[in-house]
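See structure below.
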Amino acid sequence: MSVMPITPTKRIRRTLFDDVPATPPRPLKKKRLLFTSITPESSPEKLQFGPQSIFLRTKALLQKSSELVTLNNNGGALPARTKEYEHVMKFLSESISEHKSDSLYITGPPGTGKTAQMDMIIRQKFQSLPLSLSMSSSAHPPRHTNPHLQNLSWFELPDGRLESVAVTSINCISLSDPSSIFQKIFDSFQDLNGPTLQIKNMHQLQRFLEPYHKRTTFVVVLDEMDRLLHSNTNETQSVRTILELFLLAKLPTVSFVLIGMANSLDMKDRFLSRLNLNRDLLPQTIVFQPYTAEQMYDIIIQKLSSLPSIIFQPMAIRFAAKKCAGNTGDLRKLFDVLRGSVEIYELENRLLLSSMSKSMRSKQVPLTPTTSPVKQPSSQSQGKIGLNYIAKVFSKFMNNNSTRTRITKLNIQQKLILCTIIQSLRINLDATIDESFDHYIKVITKTDTLAPLQRNEFLEICTILETCGLVSIKKTKCKGKTKRFVDKIDVDLDMREFYDEMTKISILKPFLR
């Protein structure tokens, strides 16, 4: 019997923990990190300057065609024009109620609300449907006695009665020949079923109006009436046309109401003097005075009060209003200035944010978790449009004053700082405000005549110089590895006039070398 050899088994070594059951591994919890892009959320394309941005809504409100009547509760009067509105409404009510012809001449500088006020009256007081608050629900609505005329409306009198009127508004700029105004008036009112006629003078238009006397009052508003005098024809024919229009508005056989508007303050004295033969032929006159600075400020604040926030500093609005009121009192020019300052503010912030995002992308910084201290932009960090942006608009687009005129308004300390700024720009064309301040301190300490100003005082004077349109300050990215943003300063003046004016002051001569 053979015996099979047994292979010895290997001894398995056991550890101290072999008898303990193995604990299943606990699944690791991955910490969820929220990543955000290094670009701020309020990028100019998305939030700050989008279609619903406060900047776009502000510019829309500052359009010349935007409504102003909503700012006043006096039944259709523009702000600061209540007296003129009541005068026009009294004139219309008396003329239409008595079916008599009469004329009104409205004059005033440009931008004082003449056209806007008349357009508002036509839209609100001349109704296409016979709607009256005093009419009872059972009353039969009135009907036009001449339903085929064009531009028919209803005018409500103060006692609640409705009168049939035909109203039209014509801008005389579009007329090449003054005598064509008669044809233009006829085409605005003629019967749609009637024959086509050629109207060349007052008598032909009178024959057209006479059959409607005491039944329909014709109201004609002529805007830019003085343009009839600046046409290519001779002045005699133009004056004759204007005189015939005012004469037609005094004839007892027609119901013709004429309202002429023009910027010429002396038109009545120069061209309507022939009507002085009979005082009854002269038109009534309303003068729209230029807006004052306080009126302009109140109008802008009331207009912008409908927005969630006002992006202008109050002092900036007052400064712009005072400049425009002191010049012509044109409210439209104030709208242009404020709208231009918004556009400059938008452009600078777009460029600033764009350059910031480019510099951050060039560094290739990894995405940062939201737990890291990333500065999130807020609505308050955007700031408001101040005096410097208003000054840029005036200096670039509206300031026609010479360098000599602007320099004479400065005191000796401001002139000195302007000289040192120009010196620093000679040394470095890309000089910043800080570098200009350092150069100012260096130059002043060499003299014993003046004591140097503090840095905040220096910055205040730089802001004043920018307001006067002598220097410009804007944020730029400095050269070097840091790529930080600094305030670069530059001058905007005629150097020849500058040196001619500064050399007159002996104490400033050392700072001009």
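Residues in the structure tokens are numbered from 1 in each chain, the chains being A, B, ... in the order shown, and ligands are numbered from 1 in the order shown.
For Leu197 in chain A, the non-local neighbours within 10 Å, defined as residues at least 5 positions apart in the same chain or in other chains and counting only C-alpha atoms, are Gln183, Phe186, Asp187, Gln190, Gln204, Leu205 and Phe208 of chain A.
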Residues within 8 Å of range 89-97 of chain A, only C-alpha atoms, excluding chain neighbours under 6 positions, as a PyMOL selection string: chain A and resi 104+157-158+163+165+217+257
For Leu152 in chain A, find every residue with an atom within 10 Å (counting only C-alpha atoms), except residues of its own chain fewer than 6 positions away, and show them as a list in words. Phe126, Gln127, Ser128, Leu129, His144, Asn146, Ser164, Val165, Ala166, Val167, Thr168, Phe189, Thr216, Thr217 and Phe218 of chain A
Might you pull out every residue within 7 Å of Met202 in chain A, with only C-alpha atoms counted and same-chain residues fewer than 3 positions away left off, and present them as a PyMOL selection string? chain A and resi 182+205-206+244+248
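Minimum distance to Ile390 in chain A across A:Leu410, A:Leu334, A:Ile441, A:Ile427 (counting only C-alpha atoms) occurs at A:Leu334.
For the residues A:Leu281, A:Leu508, A:Leu347, A:Ala116, ranking by smallest atom-to-atom distance to Met261 in chain A using only C-alpha atoms places A:Ala116 first.
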I need the residues of range 153-241 of chain A that end up classed as alpha helix (DSSP H) by DSSP on the backbone, written out as a PyMOL selection string. chain A and resi 180-189+202-209+235-241
Would you put the residues from that selection into a file with C-alpha atoms, as a tab-separated table (two decimals), in the first residue's frame?
chain	number	residue	atom	x	y	z
A	180	SER	CA	-49.44	128.28	-50.63
A	181	ILE	CA	-50.61	128.54	-47.01
A	182	PHE	CA	-54.14	129.27	-48.26
A	183	GLN	CA	-54.18	126.07	-50.31
A	184	LYS	CA	-52.76	124.15	-47.33
A	185	ILE	CA	-55.58	125.38	-45.08
A	186	PHE	CA	-58.21	124.52	-47.71
A	187	ASP	CA	-56.83	121.00	-48.20
A	188	SER	CA	-57.01	120.42	-44.43
A	189	PHE	CA	-60.74	121.20	-44.27
A	202	MET	CA	-57.55	135.24	-48.90
A	203	HIS	CA	-60.72	135.96	-50.87
A	204	GLN	CA	-60.92	132.46	-52.34
A	205	LEU	CA	-60.46	130.91	-48.90
A	206	GLN	CA	-63.09	133.30	-47.52
A	207	ARG	CA	-65.67	132.07	-50.05
A	208	PHE	CA	-64.99	128.51	-48.91
A	209	LEU	CA	-65.49	129.35	-45.21
A	235	GLU	CA	-40.48	140.24	-48.41
A	236	THR	CA	-43.42	142.26	-49.74
A	237	GLN	CA	-45.36	139.18	-50.78
A	238	SER	CA	-44.55	137.41	-47.51
A	239	VAL	CA	-45.75	140.32	-45.41
A	240	ARG	CA	-48.91	140.56	-47.51
A	241	THR	CA	-49.68	136.89	-46.93
Strand (DSSP E or B) residues, from DSSP on the backbone, in range 122-223 of chain A, as a PDB file with N, CA and C atoms, in the first residue's frame:
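File out-v5.pdb, as written:
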ATOM      1  N   PHE A 126     -59.783 119.026 -27.853  1.00  0.00           N
ATOM      2  CA  PHE A 126     -60.551 118.825 -29.078  1.00  0.00           C
ATOM      3  C   PHE A 126     -60.792 117.331 -29.232  1.00  0.00           C
ATOM      4  N   GLN A 127     -62.054 116.911 -29.010  1.00  0.00           N
ATOM      5  CA  GLN A 127     -62.388 115.495 -28.965  1.00  0.00           C
ATOM      6  C   GLN A 127     -63.029 115.064 -30.278  1.00  0.00           C
ATOM      7  N   LEU A 152     -62.793 117.215 -38.196  1.00  0.00           N
ATOM      8  CA  LEU A 152     -63.861 117.687 -37.329  1.00  0.00           C
ATOM      9  C   LEU A 152     -63.654 117.193 -35.905  1.00  0.00           C
ATOM     10  N   SER A 153     -63.984 118.032 -34.940  1.00  0.00           N
ATOM     11  CA  SER A 153     -63.849 117.680 -33.528  1.00  0.00           C
ATOM     12  C   SER A 153     -64.948 118.382 -32.747  1.00  0.00           C
ATOM     13  N   TRP A 154     -64.959 118.072 -31.452  1.00  0.00           N
ATOM     14  CA  TRP A 154     -65.874 118.728 -30.521  1.00  0.00           C
ATOM     15  C   TRP A 154     -65.055 119.438 -29.457  1.00  0.00           C
ATOM     16  N   PHE A 155     -65.460 120.671 -29.183  1.00  0.00           N
ATOM     17  CA  PHE A 155     -64.799 121.467 -28.150  1.00  0.00           C
ATOM     18  C   PHE A 155     -65.797 121.746 -27.041  1.00  0.00           C
ATOM     19  N   GLU A 156     -65.421 121.362 -25.802  1.00  0.00           N
ATOM     20  CA  GLU A 156     -66.319 121.549 -24.667  1.00  0.00           C
ATOM     21  C   GLU A 156     -66.089 122.920 -24.046  1.00  0.00           C
ATOM     22  N   LEU A 162     -71.096 121.446 -26.080  1.00  0.00           N
ATOM     23  CA  LEU A 162     -70.156 120.992 -27.096  1.00  0.00           C
ATOM     24  C   LEU A 162     -70.392 121.753 -28.385  1.00  0.00           C
ATOM     25  N   GLU A 163     -69.327 122.281 -28.959  1.00  0.00           N
ATOM     26  CA  GLU A 163     -69.408 123.020 -30.209  1.00  0.00           C
ATOM     27  C   GLU A 163     -68.620 122.291 -31.286  1.00  0.00           C
ATOM     28  N   SER A 164     -69.164 122.294 -32.493  1.00  0.00           N
ATOM     29  CA  SER A 164     -68.509 121.644 -33.626  1.00  0.00           C
ATOM     30  C   SER A 164     -67.394 122.546 -34.155  1.00  0.00           C
ATOM     31  N   VAL A 165     -66.203 121.991 -34.253  1.00  0.00           N
ATOM     32  CA  VAL A 165     -65.040 122.735 -34.742  1.00  0.00           C
ATOM     33  C   VAL A 165     -64.261 121.847 -35.710  1.00  0.00           C
ATOM     34  N   ALA A 166     -63.514 122.496 -36.585  1.00  0.00           N
ATOM     35  CA  ALA A 166     -62.550 121.817 -37.458  1.00  0.00           C
ATOM     36  C   ALA A 166     -61.187 122.420 -37.161  1.00  0.00           C
ATOM     37  N   VAL A 167     -60.241 121.606 -36.714  1.00  0.00           N
ATOM     38  CA  VAL A 167     -58.961 122.110 -36.238  1.00  0.00           C
ATOM     39  C   VAL A 167     -57.828 121.464 -37.014  1.00  0.00           C
ATOM     40  N   THR A 168     -56.803 122.244 -37.300  1.00  0.00           N
ATOM     41  CA  THR A 168     -55.609 121.736 -37.975  1.00  0.00           C
ATOM     42  C   THR A 168     -54.401 122.512 -37.484  1.00  0.00           C
ATOM     43  N   SER A 169     -53.243 121.852 -37.518  1.00  0.00           N
ATOM     44  CA  SER A 169     -51.975 122.463 -37.125  1.00  0.00           C
ATOM     45  C   SER A 169     -50.991 122.313 -38.279  1.00  0.00           C
ATOM     46  N   ILE A 170     -50.394 123.418 -38.700  1.00  0.00           N
ATOM     47  CA  ILE A 170     -49.514 123.444 -39.871  1.00  0.00           C
ATOM     48  C   ILE A 170     -48.182 124.053 -39.455  1.00  0.00           C
ATOM     49  N   ASN A 171     -47.098 123.387 -39.818  1.00  0.00           N
ATOM     50  CA  ASN A 171     -45.760 123.922 -39.594  1.00  0.00           C
ATOM     51  C   ASN A 171     -45.304 124.623 -40.867  1.00  0.00           C
ATOM     52  N   THR A 217     -66.764 126.205 -36.468  1.00  0.00           N
ATOM     53  CA  THR A 217     -65.637 127.129 -36.296  1.00  0.00           C
ATOM     54  C   THR A 217     -64.356 126.452 -36.766  1.00  0.00           C
ATOM     55  N   PHE A 218     -63.618 127.155 -37.615  1.00  0.00           N
ATOM     56  CA  PHE A 218     -62.359 126.628 -38.144  1.00  0.00           C
ATOM     57  C   PHE A 218     -61.206 127.198 -37.317  1.00  0.00           C
ATOM     58  N   VAL A 219     -60.437 126.309 -36.705  1.00  0.00           N
ATOM     59  CA  VAL A 219     -59.302 126.699 -35.871  1.00  0.00           C
ATOM     60  C   VAL A 219     -58.028 126.281 -36.593  1.00  0.00           C
ATOM     61  N   VAL A 220     -57.149 127.235 -36.867  1.00  0.00           N
ATOM     62  CA  VAL A 220     -55.894 126.988 -37.584  1.00  0.00           C
ATOM     63  C   VAL A 220     -54.741 127.421 -36.685  1.00  0.00           C
ATOM     64  N   VAL A 221     -53.811 126.494 -36.445  1.00  0.00           N
ATOM     65  CA  VAL A 221     -52.607 126.766 -35.659  1.00  0.00           C
ATOM     66  C   VAL A 221     -51.415 126.742 -36.607  1.00  0.00           C
ATOM     67  N   LEU A 222     -50.730 127.868 -36.727  1.00  0.00           N
ATOM     68  CA  LEU A 222     -49.568 127.980 -37.610  1.00  0.00           C
ATOM     69  C   LEU A 222     -48.317 128.066 -36.752  1.00  0.00           C
ATOM     70  N   ASP A 223     -47.533 127.002 -36.759  1.00  0.00           N
ATOM     71  CA  ASP A 223     -46.274 126.977 -36.011  1.00  0.00           C
ATOM     72  C   ASP A 223     -45.151 127.507 -36.898  1.00  0.00           C
TER      73      ASP A 223
END
A:Ile473, A:Cys468, A:Ala391, A:Leu338: which is nearest Thr405 in chain A, counting only C-alpha atoms? A:Cys468
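Look at Met225 in chain A: the protein and nucleic acid residues within 9 Å of it, using only C-alpha atoms and passing over chain neighbours fewer than 4 places away, are Asn171, Cys172, Ile173, Leu229, Ile242, Gly260, Met261, Ala262 and Asn263 of chain A.
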Selected residues, N, CA and C atoms, written as an mmCIF file, in the first residue's frame, please.
data_model
loop_
_atom_site.group_PDB
_atom_site.id
_atom_site.type_symbol
_atom_site.label_atom_id
_atom_site.label_comp_id
_atom_site.auth_asym_id
_atom_site.auth_seq_id
_atom_site.Cartn_x
_atom_site.Cartn_y
_atom_site.Cartn_z
ATOM 1 N N ASN A 171 -47.098 123.387 -39.818
ATOM 2 C CA ASN A 171 -45.760 123.922 -39.594
ATOM 3 C C ASN A 171 -45.304 124.623 -40.867
ATOM 4 N N CYS A 172 -45.026 125.901 -40.765
ATOM 5 C CA CYS A 172 -44.721 126.712 -41.947
ATOM 6 C C CYS A 172 -43.334 126.443 -42.517
ATOM 7 N N ILE A 173 -42.529 125.647 -41.840
ATOM 8 C CA ILE A 173 -41.204 125.339 -42.384
ATOM 9 C C ILE A 173 -41.322 124.571 -43.696
ATOM 10 N N LEU A 229 -41.581 134.584 -43.690
ATOM 11 C CA LEU A 229 -40.824 135.778 -44.071
ATOM 12 C C LEU A 229 -39.430 135.453 -44.573
ATOM 13 N N ILE A 242 -49.071 137.279 -44.614
ATOM 14 C CA ILE A 242 -49.315 137.264 -43.164
ATOM 15 C C ILE A 242 -50.427 138.235 -42.790
ATOM 16 N N GLY A 260 -51.140 131.972 -34.311
ATOM 17 C CA GLY A 260 -49.804 131.962 -34.897
ATOM 18 C C GLY A 260 -48.744 131.893 -33.819
ATOM 19 N N MET A 261 -47.707 131.097 -34.069
ATOM 20 C CA MET A 261 -46.600 130.942 -33.121
ATOM 21 C C MET A 261 -45.285 131.219 -33.837
ATOM 22 N N ALA A 262 -44.407 131.950 -33.173
ATOM 23 C CA ALA A 262 -43.112 132.287 -33.771
ATOM 24 C C ALA A 262 -42.147 132.646 -32.662
ATOM 25 N N ASN A 263 -40.851 132.549 -32.982
ATOM 26 C CA ASN A 263 -39.802 132.918 -32.032
ATOM 27 C C ASN A 263 -39.468 134.408 -32.079
#
Would you pick out the contacts of Arg496 in chain A at 10 Å or less, using only C-alpha atoms, so that residues sharing its chain but fewer than 3 positions from it are not included, and give the list as a PyMOL selection string? chain A and resi 403-404+493+499-501
Could you save the residues just selected, with N, CA and C atoms, as a CSV table (one decimal), in the first residue's frame?
chain,number,residue,atom,x,y,z
A,403,THR,N,-10.3,130.1,-24.2
A,403,THR,CA,-9.4,129.7,-23.0
A,403,THR,C,-9.2,130.9,-22.1
A,404,ARG,N,-9.0,132.1,-22.7
A,404,ARG,CA,-8.8,133.3,-21.9
A,404,ARG,C,-10.0,133.6,-21.1
A,493,LEU,N,-7.2,123.1,-23.6
A,493,LEU,CA,-7.2,124.6,-23.7
A,493,LEU,C,-6.2,125.0,-24.8
A,499,TYR,N,-0.7,130.9,-22.1
A,499,TYR,CA,0.6,131.6,-21.8
A,499,TYR,C,0.4,133.1,-21.8
A,500,ASP,N,-0.4,133.6,-22.8
A,500,ASP,CA,-0.6,135.1,-22.8
A,500,ASP,C,-1.3,135.6,-21.6
A,501,GLU,N,-2.2,134.8,-21.0
A,501,GLU,CA,-3.0,135.2,-19.9
A,501,GLU,C,-2.2,135.0,-18.6
